[in-house]
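Below is start_15.txt, holding compact mmCIF, C-alpha atoms.
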# COMPACT_ATOMS: atom_id res chain seq x y z
CA MET A 19 -26.11 2.37 -19.64
CA ASP A 20 -27.54 1.33 -16.26
CA LYS A 21 -25.91 2.73 -13.20
CA ILE A 22 -23.20 0.29 -12.06
CA LYS A 23 -24.01 -1.65 -8.90
CA VAL A 24 -21.47 -0.87 -6.19
CA LEU A 25 -20.87 -3.08 -3.18
CA THR A 26 -18.46 -2.33 -0.33
CA VAL A 27 -16.78 -5.50 0.96
CA LYS A 28 -14.84 -5.50 4.22
CA GLN A 29 -11.97 -7.65 5.37
CA SER A 30 -12.49 -9.91 8.36
CA VAL A 31 -9.64 -9.75 10.84
CA PHE A 32 -10.58 -13.08 12.36
CA ALA A 33 -11.10 -15.11 9.22
CA ASN A 34 -9.06 -18.22 8.58
CA ASN A 35 -8.53 -17.20 4.99
CA GLU A 36 -7.26 -20.49 3.61
CA ALA A 37 -10.12 -22.57 5.00
CA ARG A 38 -12.60 -19.98 3.79
CA ALA A 39 -11.05 -19.93 0.33
CA ASP A 40 -11.23 -23.74 0.10
CA LYS A 41 -14.87 -23.69 1.17
CA LEU A 42 -15.74 -21.05 -1.45
CA ARG A 43 -13.82 -22.97 -4.11
CA SER A 44 -15.76 -26.11 -3.31
CA GLU A 45 -19.13 -24.27 -3.38
CA LEU A 46 -18.30 -22.74 -6.76
CA LYS A 47 -17.26 -26.19 -8.01
CA THR A 48 -20.70 -27.55 -7.11
CA LYS A 49 -22.29 -24.69 -9.05
CA LYS A 50 -19.85 -25.23 -11.94
CA VAL A 51 -18.89 -21.56 -11.82
CA TYR A 52 -15.22 -20.99 -12.70
CA LEU A 53 -13.68 -18.07 -10.78
CA ILE A 54 -10.64 -16.29 -12.21
CA ASN A 55 -8.61 -13.99 -9.93
CA LEU A 56 -6.95 -11.39 -12.17
CA MET A 57 -3.99 -9.62 -10.55
CA SER A 58 -1.35 -7.09 -11.64
CA SER A 59 0.24 -3.70 -10.96
CA PRO A 60 -1.86 -0.58 -11.43
CA GLY A 61 -1.99 0.41 -15.09
CA SER A 62 -0.82 -2.90 -16.57
CA GLY A 63 -3.91 -3.06 -18.75
CA LYS A 64 -6.19 -5.44 -16.80
CA THR A 65 -9.39 -3.76 -17.95
CA THR A 66 -8.33 -3.38 -21.60
CA MET A 67 -7.25 -7.03 -21.70
CA LEU A 68 -10.56 -8.08 -20.09
CA VAL A 69 -12.62 -6.27 -22.72
CA ALA A 70 -10.65 -7.96 -25.52
CA LEU A 71 -10.88 -11.36 -23.79
CA ILE A 72 -14.58 -11.20 -22.95
CA ASN A 73 -15.52 -10.22 -26.49
CA ARG A 74 -13.73 -13.39 -27.66
CA ILE A 75 -15.26 -15.82 -25.12
CA LYS A 76 -18.78 -14.49 -24.54
CA ALA A 77 -20.27 -16.46 -27.45
CA SER A 78 -18.99 -19.69 -25.83
CA LEU A 79 -19.30 -18.90 -22.11
CA ARG A 80 -21.68 -16.93 -19.91
CA VAL A 81 -19.35 -14.36 -18.32
CA GLY A 82 -19.65 -12.12 -15.26
CA VAL A 83 -17.14 -9.54 -13.99
CA MET A 84 -16.50 -8.33 -10.45
CA GLU A 85 -14.33 -5.21 -10.53
CA ALA A 86 -12.54 -4.46 -7.26
CA ASP A 87 -11.11 -1.03 -6.56
CA ILE A 88 -10.43 1.14 -3.57
CA ASP A 89 -12.46 3.86 -5.20
CA ALA A 90 -14.12 4.84 -8.50
CA THR A 91 -16.36 2.84 -10.86
CA VAL A 92 -14.60 3.66 -14.16
CA ASP A 93 -13.46 0.09 -14.83
CA ALA A 94 -16.85 -1.52 -14.22
CA GLU A 95 -18.47 1.07 -16.49
CA THR A 96 -15.92 0.38 -19.24
CA ILE A 97 -16.45 -3.38 -19.03
CA GLU A 98 -20.23 -3.07 -19.11
CA GLU A 99 -20.20 -0.58 -21.95
CA LYS A 100 -17.72 -2.43 -24.14
CA THR A 101 -18.77 -6.05 -23.56
CA GLY A 102 -22.37 -5.95 -22.30
CA VAL A 103 -21.73 -8.69 -19.73
CA LYS A 104 -23.03 -8.62 -16.17
CA THR A 105 -20.74 -6.49 -13.99
CA ILE A 106 -20.48 -5.35 -10.39
CA GLN A 107 -18.10 -2.86 -8.79
CA LEU A 108 -16.63 -3.93 -5.45
CA HIS A 109 -15.15 -1.26 -3.19
CA THR A 110 -12.63 -2.49 -0.66
CA ALA A 111 -13.01 0.24 1.97
CA GLY A 112 -9.34 1.18 1.57
CA GLU A 113 -8.04 -2.40 1.57
CA CYS A 114 -5.18 -3.16 -0.83
CA HIS A 115 -6.39 -6.64 -1.74
CA LEU A 116 -9.34 -9.04 -1.65
CA ASP A 117 -9.48 -12.05 0.66
CA ALA A 118 -11.82 -15.05 0.51
CA LYS A 119 -14.47 -13.46 2.71
CA MET A 120 -14.57 -10.30 0.60
CA THR A 121 -14.80 -12.40 -2.55
CA GLU A 122 -17.61 -14.47 -1.01
CA GLU A 123 -19.53 -11.30 -0.12
CA GLY A 124 -18.95 -10.02 -3.63
CA ILE A 125 -20.27 -13.26 -5.13
CA GLU A 126 -23.35 -13.21 -2.90
CA GLY A 127 -24.12 -9.60 -3.83
CA PHE A 128 -23.44 -10.25 -7.49
CA GLY A 129 -25.34 -13.50 -7.97
CA VAL A 130 -23.43 -16.04 -10.07
CA GLU A 131 -26.27 -18.42 -10.98
CA GLY A 132 -26.32 -19.20 -14.66
CA LEU A 133 -22.74 -18.04 -15.23
CA ASP A 134 -19.91 -20.25 -16.49
CA VAL A 135 -17.08 -17.95 -15.56
CA VAL A 136 -16.68 -15.03 -13.15
CA ILE A 137 -13.63 -12.82 -13.54
CA LEU A 138 -12.58 -11.00 -10.39
CA GLU A 139 -10.38 -8.02 -11.21
CA ASN A 140 -8.41 -7.63 -8.00
CA VAL A 141 -6.99 -4.31 -6.72
CA GLY A 142 -4.03 -3.14 -8.83
CA ASN A 143 -1.15 -4.23 -6.61
CA LEU A 144 1.70 -6.67 -7.23
CA VAL A 145 2.25 -7.36 -3.53
CA CYS A 146 -0.71 -7.89 -1.21
CA PRO A 147 -3.27 -9.72 -3.40
CA ALA A 148 -0.73 -12.54 -3.83
CA GLU A 149 -0.90 -13.25 -0.09
CA PHE A 150 -4.64 -13.93 0.01
CA ASP A 151 -6.27 -16.94 -1.64
CA THR A 152 -9.64 -15.71 -2.94
CA GLY A 153 -11.05 -19.17 -3.60
CA ALA A 154 -10.49 -18.81 -7.36
CA ALA A 155 -9.91 -21.76 -9.68
CA LEU A 156 -7.29 -19.79 -11.63
CA ASN A 157 -4.83 -17.04 -10.73
CA LEU A 158 -4.18 -14.98 -13.85
CA VAL A 159 -1.38 -12.41 -13.52
CA ILE A 160 -0.56 -9.62 -15.98
CA LEU A 161 2.93 -8.17 -16.37
CA SER A 162 3.05 -5.30 -18.84
CA ILE A 163 6.06 -4.60 -21.05
CA PRO A 164 6.63 -1.04 -19.69
CA GLU A 165 7.05 -2.45 -16.14
CA GLY A 166 10.25 -4.32 -16.97
CA ASP A 167 11.31 -7.98 -17.10
CA ASP A 168 12.87 -7.84 -13.60
CA LYS A 169 9.54 -7.69 -11.77
CA PRO A 170 9.43 -11.45 -10.95
CA LEU A 171 12.71 -10.95 -9.04
CA LYS A 172 11.27 -8.15 -6.94
CA TYR A 173 7.72 -9.42 -6.42
CA PRO A 174 8.32 -13.20 -6.34
CA LEU A 175 5.17 -14.29 -4.48
CA MET A 176 2.84 -12.91 -7.16
CA PHE A 177 4.60 -14.94 -9.85
CA LYS A 178 4.73 -18.00 -7.60
CA VAL A 179 0.95 -18.11 -7.12
CA ALA A 180 0.20 -17.45 -10.82
CA ASP A 181 -1.26 -20.27 -12.91
CA ALA A 182 -0.79 -18.22 -16.07
CA VAL A 183 1.04 -14.98 -16.81
CA VAL A 184 -0.03 -12.58 -19.54
CA PHE A 185 2.67 -10.28 -20.93
CA SER A 186 0.60 -7.28 -22.01
CA LYS A 187 1.27 -4.30 -24.32
CA ILE A 188 3.69 -6.30 -26.50
CA ASP A 189 3.04 -3.73 -29.25
CA THR A 190 5.41 -1.49 -27.19
CA LEU A 191 8.31 -3.99 -27.14
CA SER A 192 10.33 -1.74 -29.48
CA VAL A 193 10.02 1.19 -27.03
CA PHE A 194 10.97 -0.60 -23.80
CA ASP A 195 13.86 -2.74 -22.72
CA PHE A 196 11.90 -5.95 -21.92
CA ASP A 197 13.19 -9.44 -22.73
CA VAL A 198 10.20 -11.84 -22.77
CA LYS A 199 12.47 -14.90 -22.61
CA LYS A 200 14.26 -13.49 -19.56
CA ALA A 201 10.95 -12.75 -17.81
CA GLU A 202 9.81 -16.33 -18.48
CA GLU A 203 13.08 -17.68 -17.07
CA HIS A 204 12.71 -15.60 -13.89
CA ILE A 205 9.16 -16.91 -13.43
CA ALA A 206 10.01 -20.54 -14.30
CA LYS A 207 12.52 -20.60 -11.43
CA LEU A 208 9.74 -19.72 -8.98
CA ASN A 209 6.97 -21.62 -10.70
CA PRO A 210 7.83 -24.25 -13.34
CA GLN A 211 4.16 -25.05 -14.19
CA CYS A 212 3.29 -21.50 -15.21
CA VAL A 213 2.06 -20.86 -18.77
CA TYR A 214 2.56 -17.61 -20.72
CA PHE A 215 0.52 -15.48 -23.09
CA PRO A 216 2.20 -12.53 -24.80
CA ILE A 217 -0.60 -10.22 -25.96
CA SER A 218 -1.54 -6.81 -27.24
CA ALA A 219 -5.15 -6.15 -26.33
CA LYS A 220 -5.03 -3.00 -28.44
CA LYS A 221 -3.88 -4.74 -31.64
CA GLY A 222 -5.41 -8.16 -30.86
CA ASP A 223 -2.11 -10.08 -30.99
CA GLY A 224 -2.16 -13.24 -28.88
CA MET A 225 -5.76 -12.71 -27.73
CA ASP A 226 -7.18 -15.73 -29.60
CA ASP A 227 -4.70 -18.05 -27.87
CA LEU A 228 -5.58 -16.62 -24.48
CA ALA A 229 -9.31 -16.92 -25.20
CA ALA A 230 -8.88 -20.56 -26.35
CA TYR A 231 -6.94 -21.36 -23.16
CA ILE A 232 -9.66 -19.88 -20.91
CA ILE A 233 -12.47 -21.69 -22.77
CA LYS A 234 -10.55 -24.98 -22.53
CA GLU A 235 -9.87 -24.55 -18.80
CA VAL A 236 -13.51 -23.71 -18.04
CA ARG A 237 -14.79 -26.68 -20.08
CA ALA A 238 -12.37 -29.08 -18.35
CA TYR A 239 -13.42 -27.73 -14.94
CA GLN A 240 -17.13 -28.09 -15.72
CA ALA A 241 -16.63 -31.64 -17.06
CA LEU A 242 -15.01 -32.80 -13.78
CA LYS A 243 -17.23 -34.68 -11.37
CA MET B 1 31.64 -2.79 -6.95
CA ASP B 2 31.35 -3.64 -3.26
CA LYS B 3 28.70 -6.08 -2.26
CA ILE B 4 25.52 -4.16 -1.45
CA LYS B 5 24.67 -3.96 2.24
CA VAL B 6 21.32 -5.62 2.91
CA LEU B 7 19.25 -4.96 6.00
CA THR B 8 15.95 -6.65 6.84
CA VAL B 9 13.55 -4.25 8.57
CA LYS B 10 10.42 -5.51 10.29
CA GLN B 11 7.12 -3.81 10.93
CA SER B 12 6.07 -3.21 14.52
CA VAL B 13 2.49 -4.20 15.16
CA PHE B 14 2.31 -2.03 18.24
CA ALA B 15 3.90 1.12 16.90
CA ASN B 16 2.01 4.38 16.99
CA ASN B 17 3.16 5.18 13.50
CA GLU B 18 2.25 8.85 13.37
CA ALA B 19 3.99 9.74 16.63
CA ARG B 20 7.03 7.73 15.58
CA ALA B 21 7.12 9.43 12.17
CA ASP B 22 6.95 12.88 13.81
CA LYS B 23 9.77 11.96 16.19
CA LEU B 24 11.96 10.72 13.32
CA ARG B 25 11.17 13.83 11.27
CA SER B 26 12.22 16.03 14.15
CA GLU B 27 15.48 14.08 14.71
CA LEU B 28 16.35 14.34 11.02
CA LYS B 29 15.57 18.08 11.16
CA THR B 30 18.11 18.51 13.95
CA LYS B 31 20.70 16.68 11.84
CA LYS B 32 19.69 18.74 8.76
CA VAL B 33 19.18 15.54 6.78
CA TYR B 34 16.32 15.84 4.26
CA LEU B 35 14.45 12.56 3.79
CA ILE B 36 12.52 11.95 0.55
CA ASN B 37 9.98 9.13 0.42
CA LEU B 38 9.72 8.01 -3.22
CA MET B 39 6.58 6.04 -4.02
CA SER B 40 4.95 4.58 -7.16
CA SER B 41 3.61 1.44 -8.83
CA PRO B 42 6.04 -1.34 -9.72
CA GLY B 43 7.84 -0.57 -12.96
CA SER B 44 7.06 3.15 -13.14
CA GLY B 45 10.75 3.96 -13.44
CA LYS B 46 11.69 4.93 -9.86
CA THR B 47 15.24 3.61 -10.14
CA THR B 48 15.90 5.05 -13.61
CA MET B 49 14.57 8.44 -12.50
CA LEU B 50 16.73 8.28 -9.35
CA VAL B 51 19.91 7.66 -11.33
CA ALA B 52 19.16 10.63 -13.60
CA LEU B 53 18.25 12.83 -10.61
CA ILE B 54 21.23 11.91 -8.44
CA ASN B 55 23.69 12.53 -11.25
CA ARG B 56 22.24 16.06 -11.50
CA ILE B 57 22.26 16.90 -7.77
CA LYS B 58 25.31 15.08 -6.40
CA ALA B 59 27.67 17.97 -7.15
CA SER B 60 25.48 20.24 -4.96
CA LEU B 61 24.25 17.82 -2.28
CA ARG B 62 25.65 14.81 -0.43
CA VAL B 63 23.15 12.08 -1.35
CA GLY B 64 22.36 8.67 0.15
CA VAL B 65 19.85 6.09 -1.11
CA MET B 66 17.88 3.49 0.83
CA GLU B 67 16.31 0.99 -1.59
CA ALA B 68 13.39 -0.95 -0.13
CA ASP B 69 12.17 -4.14 -1.75
CA ILE B 70 10.52 -7.35 -0.68
CA ASP B 71 13.35 -9.24 -2.32
CA ALA B 72 16.35 -8.79 -4.65
CA THR B 73 19.16 -6.21 -4.61
CA VAL B 74 19.10 -5.24 -8.30
CA ASP B 75 17.97 -1.66 -7.69
CA ALA B 76 20.57 -0.87 -5.04
CA GLU B 77 23.27 -2.32 -7.29
CA THR B 78 22.09 -0.17 -10.21
CA ILE B 79 22.06 3.00 -8.12
CA GLU B 80 25.53 2.35 -6.69
CA GLU B 81 26.99 1.42 -10.05
CA LYS B 82 25.51 4.33 -12.00
CA THR B 83 25.79 7.15 -9.46
CA GLY B 84 28.51 6.11 -6.98
CA VAL B 85 26.52 7.45 -4.01
CA LYS B 86 26.16 5.64 -0.70
CA THR B 87 23.42 3.00 -0.95
CA ILE B 88 21.75 0.40 1.23
CA GLN B 89 19.20 -2.28 0.34
CA LEU B 90 16.34 -2.70 2.79
CA HIS B 91 14.33 -5.91 2.72
CA THR B 92 10.85 -5.70 4.16
CA ALA B 93 10.37 -9.35 5.16
CA GLY B 94 7.36 -9.60 2.84
CA GLU B 95 5.81 -6.29 3.90
CA CYS B 96 4.18 -4.23 1.17
CA HIS B 97 5.28 -0.85 2.54
CA LEU B 98 7.62 0.90 4.96
CA ASP B 99 6.42 2.48 8.19
CA ALA B 100 8.26 4.96 10.43
CA LYS B 101 9.87 2.26 12.58
CA MET B 102 11.22 0.41 9.54
CA THR B 103 12.54 3.68 8.13
CA GLU B 104 14.16 4.51 11.47
CA GLU B 105 15.86 1.08 11.54
CA GLY B 106 17.00 1.61 7.97
CA ILE B 107 18.46 5.01 8.84
CA GLU B 108 20.26 3.62 11.89
CA GLY B 109 21.74 0.76 9.86
CA PHE B 110 22.63 3.08 6.98
CA GLY B 111 24.18 5.97 8.91
CA VAL B 112 23.10 9.37 7.60
CA GLU B 113 25.77 11.57 9.20
CA GLY B 114 27.31 13.93 6.69
CA LEU B 115 24.47 13.55 4.18
CA ASP B 116 22.23 16.39 2.99
CA VAL B 117 19.54 14.24 1.47
CA VAL B 118 18.49 10.61 1.84
CA ILE B 119 16.16 9.17 -0.76
CA LEU B 120 14.07 6.25 0.40
CA GLU B 121 12.76 4.21 -2.52
CA ASN B 122 9.66 2.63 -1.04
CA VAL B 123 8.21 -0.73 -2.15
CA GLY B 124 6.58 -0.49 -5.60
CA ASN B 125 2.94 -0.21 -4.60
CA LEU B 126 0.38 2.53 -5.20
CA VAL B 127 -1.77 1.53 -2.24
CA CYS B 128 -0.18 0.63 1.09
CA PRO B 129 2.85 2.95 1.30
CA ALA B 130 0.46 5.93 1.15
CA GLU B 131 -1.07 4.84 4.46
CA PHE B 132 2.16 4.98 6.47
CA ASP B 133 3.99 8.21 7.25
CA THR B 134 7.71 7.34 7.09
CA GLY B 135 8.88 10.55 8.75
CA ALA B 136 10.03 11.99 5.41
CA ALA B 137 10.19 15.72 4.70
CA LEU B 138 8.88 15.16 1.16
CA ASN B 139 6.59 12.58 -0.44
CA LEU B 140 7.57 12.25 -4.09
CA VAL B 141 5.20 10.14 -6.21
CA ILE B 142 5.83 8.88 -9.74
CA LEU B 143 3.03 8.15 -12.19
CA SER B 144 4.31 6.74 -15.49
CA ILE B 145 2.63 7.45 -18.81
CA PRO B 146 1.93 3.74 -19.60
CA GLU B 147 -0.12 3.42 -16.38
CA GLY B 148 -2.84 5.82 -17.56
CA ASP B 149 -4.14 9.21 -16.44
CA ASP B 150 -7.02 7.67 -14.45
CA LYS B 151 -4.80 6.33 -11.65
CA PRO B 152 -5.47 9.28 -9.26
CA LEU B 153 -9.18 8.36 -9.40
CA LYS B 154 -8.49 4.77 -8.40
CA TYR B 155 -5.67 5.26 -5.90
CA PRO B 156 -6.65 8.63 -4.40
CA LEU B 157 -4.75 8.41 -1.10
CA MET B 158 -1.35 8.17 -2.82
CA PHE B 159 -2.00 11.35 -4.76
CA LYS B 160 -3.42 13.06 -1.67
CA VAL B 161 -0.25 12.52 0.38
CA ALA B 162 2.09 13.53 -2.48
CA ASP B 163 3.98 16.83 -2.21
CA ALA B 164 5.15 16.50 -5.81
CA VAL B 165 4.16 14.16 -8.66
CA VAL B 166 6.57 13.17 -11.41
CA PHE B 167 4.99 12.06 -14.70
CA SER B 168 7.65 9.67 -16.01
CA LYS B 169 8.37 8.14 -19.43
CA ILE B 170 6.92 11.17 -21.29
CA ASP B 171 8.95 10.06 -24.31
CA THR B 172 6.20 7.40 -24.74
CA LEU B 173 3.30 9.90 -24.82
CA SER B 174 2.73 9.19 -28.53
CA VAL B 175 2.30 5.47 -27.82
CA PHE B 176 -0.13 5.69 -24.88
CA ASP B 177 -3.43 7.41 -24.31
CA PHE B 178 -2.37 9.66 -21.40
CA ASP B 179 -3.57 13.24 -20.99
CA VAL B 180 -1.15 15.07 -18.66
CA LYS B 181 -3.58 17.95 -18.13
CA LYS B 182 -6.34 15.52 -17.15
CA ALA B 183 -4.04 13.72 -14.70
CA GLU B 184 -3.12 17.07 -13.11
CA GLU B 185 -6.81 17.98 -12.81
CA HIS B 186 -7.61 14.66 -11.10
CA ILE B 187 -4.76 15.21 -8.62
CA ALA B 188 -5.55 18.90 -8.03
CA LYS B 189 -9.04 17.93 -6.85
CA LEU B 190 -7.51 15.74 -4.12
CA ASN B 191 -4.50 17.90 -3.41
CA PRO B 192 -4.44 21.52 -4.65
CA GLN B 193 -0.87 22.21 -3.38
CA CYS B 194 0.75 19.44 -5.41
CA VAL B 195 3.45 20.38 -7.95
CA TYR B 196 4.19 18.45 -11.17
CA PHE B 197 7.27 17.41 -13.10
CA PRO B 198 6.83 15.75 -16.51
CA ILE B 199 10.09 13.92 -17.24
CA SER B 200 11.86 11.38 -19.39
CA ALA B 201 14.79 10.00 -17.41
CA LYS B 202 15.92 8.18 -20.56
CA LYS B 203 16.06 11.30 -22.75
CA GLY B 204 16.72 13.79 -19.94
CA ASP B 205 13.62 15.91 -20.59
CA GLY B 206 12.41 17.76 -17.49
CA MET B 207 15.20 16.38 -15.29
CA ASP B 208 16.93 19.73 -14.76
CA ASP B 209 13.72 21.28 -13.43
CA LEU B 210 13.20 18.37 -11.05
CA ALA B 211 16.83 18.57 -9.86
CA ALA B 212 16.54 22.34 -9.30
CA TYR B 213 13.35 21.81 -7.28
CA ILE B 214 14.98 19.19 -5.03
CA ILE B 215 18.09 21.33 -4.45
CA LYS B 216 15.92 24.35 -3.60
CA GLU B 217 13.76 22.34 -1.17
CA VAL B 218 16.78 20.85 0.61
CA ARG B 219 18.48 24.28 0.90
CA ALA B 220 15.31 25.86 2.30
CA TYR B 221 14.95 23.01 4.81
CA GLN B 222 18.57 23.28 5.95
CA ALA B 223 18.30 27.07 6.31
CA LEU B 224 15.33 26.75 8.69
CA LYS B 225 16.07 27.07 12.38
Take the structure from the file and write it as structure tokens.
Amino acid sequence: MDKIKVLTVKQSVFANNEARADKLRSELKTKKVYLINLMSSPGSGKTTMLVALINRIKASLRVGVMEADIDATVDAETIEEKTGVKTIQLHTAGECHLDAKMTEEGIEGFGVEGLDVVILENVGNLVCPAEFDTGAALNLVILSIPEGDDKPLKYPLMFKVADAVVFSKIDTLSVFDFDVKKAEEHIAKLNPQCVYFPISAKKGDGMDDLAAYIIKEVRAYQALK
Amino acid sequence: MDKIKVLTVKQSVFANNEARADKLRSELKTKKVYLINLMSSPGSGKTTMLVALINRIKASLRVGVMEADIDATVDAETIEEKTGVKTIQLHTAGECHLDAKMTEEGIEGFGVEGLDVVILENVGNLVCPAEFDTGAALNLVILSIPEGDDKPLKYPLMFKVADAVVFSKIDTLSVFDFDVKKAEEHIAKLNPQCVYFPISAKKGDGMDDLAAYIIKEVRAYQALK
């Protein structure tokens, strides 16, 4: 395995984040590169889900992964080892989230030419990343079964900005007190358009549906003028 | 059940947080009130652990709980209903953490006279709360088994500022790939003084040891001149 490329991206205090995010979104649109911003709590299974997803879409789409963390390169190494797709590790210099400028720097350092889809794994945090538009075409949020179905009540903004929510680790539903229907109801009150994917990346349950959804979204995006 | 008291506490942009935290710590010392800052990811089981802990220490210590969340009052209601101790809900006006000023405001609004120990349940977030000293005598951090034993590598500051780490949900060790020894080794590299409590709040495992530790720490603190 090659040594993982690591890039430190720093937040700009002066940036107008929304304008910057819109500009980045429009540039990526021109290049027909679909950016997914993947957000969740620490330990919800972002990386495990990504491996399972990428191995189901990489025959149809050219995929790249930008792994953001405060420290360490374990996730980027796992992705590269288990999927073989192009990967970069972003370090946030202590920051708890990515903003549009950091994402832009990441994309410049990474190089997205020739890719159909870039998945940005944001810092594991259910609060701050929701406040900063990264310029992504899709906000994908994971809520894992062990976390509890009340999380949308306590972290509403994250579930408000989500385009799709993945309920992960559903193979542990018998162990934890999590009502999928109740979680969907909590989210629907904040965000009626949201779509849901219950999955177990470990067992493979629900992964084909999620992969089909991503492929369809990317194709529709690339077909738009 | 009485309606839960809700207080919105706002961050001060100008505060010198460290000096303010030291001042608060010294005031609480004079009053012999032991403040515990409880931190973890969302859904790690802070509230469930608290209920199990309080029901084991409330015969020995007069306990109060300050529940901080961005939104909702579900946790404060649960604590009050299941333990009967004095509880307040703090809302952070969108903030992802508590600082010393917010804690101070919470304590003023709550009223800590006559209490031996006040447990502050910080916002569920493994990143930002670690950066802000609240003035607490003890930083108690929970890492739940479903989150994975690699979390200290990715969120080092949280495990550096911890005085004690609780490994929660150990009744699910057979379901998840979590090596307690490895997690302890990762933490020990950052923080050699840290002590560990593997627990299952649901089954009761390890809870008596944790309760004995808290009672001992509070007694030692109150005995100090």
Inset, instruction - Pull out every residue of chain B that has at least one atom within 8 Å of chain A, counting all atoms listed in the file, and report them as number ranges by chain. - result: B: 41-45, 69-72, 96, 125-128, 146-148, 151, 153-156, 172, 175
Legend entry - Distance query segment 76-84 of chain A at most 9 Å, all atoms listed in the file, self and fewer than 6 positions along chain excluded, as a list in words: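 Here the answer would be Ala94, Ile97, Glu98, Thr101, Val103, Lys104, Thr105, Ile106, Gln107, Leu108, Gly124, Ile125, Phe128, Val130, Gly132, Leu133, Asp134, Val135, Val136, Ile137, Leu138, Glu139, Asn140, Ile233 and Val236 of chain A.
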Inset, instruction - Using only C-alpha atoms, pick whichever of A:Ala219, A:Ala155, A:Ala70, A:Ile75 has the shortest atom-to-atom distance to Ile54 of chain A. - result: A:Ala155
Inset, instruction - Find the distance between atom CA of Leu28 of chain B and atom CA of Tyr196 of chain B and write it in Å to one decimal. - result: 25.6 Å
Inset, instruction - Considering all atoms listed in the file, return as a list of chain:residue names whatever protein or nucleic-acid residues lie within 12 Å of Ala220 of chain B, sequence-local ones (same chain, fewer than 3 positions apart) excluded. - result: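 Once the nearby chain positions are removed, what remains is B:Lys29, B:Lys32, B:Val33, B:Tyr34, B:Asp116, B:Ala137, B:Tyr213, B:Ile214, B:Ile215, B:Lys216, B:Glu217, B:Ala223, B:Leu224, B:Lys225.
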Legend entry - Separation of atom CA of Thr30 of chain B from atom CA of Arg219 of chain B in Å: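 Going from atom CA of Arg219 of chain B over to atom CA of Thr30 of chain B covers 14.3 Å.
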Inset, instruction - Find the residues near Met207 of chain B: any atom within 12 Å, counting all atoms listed in the file, skip ones fewer than 2 places away on the same chain, and give them as an NGL selection string. - result: :B and (48-57 or 166-170 or 196-205 or 209-214)
Inset, instruction - In Å, rounded to a single decimal, give me how far atom CA of Asn157 of chain A is from atom CA of Ala180 of chain A. - result: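 Atom CA of Asn157 of chain A lies 5.0 Å from atom CA of Ala180 of chain A.
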Inset, instruction - Check the smallest atom-to-atom distance from each of A:Thr110, A:Ala86, A:Ala154, A:Val27 to Asp40 of chain A using all atoms listed in the file, then report the winner. - result: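 Closest to Asp40 of chain A of all the choices is A:Ala154.
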Inset, instruction - Compare B:Glu105, B:Asp133, B:Glu81, B:Asp179 by their minimum atom-to-atom distance to Thr8 of chain B, counting only C-alpha atoms, and give me the closest one. - result: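 Closest residue, counting only C-alpha atoms: B:Glu105.
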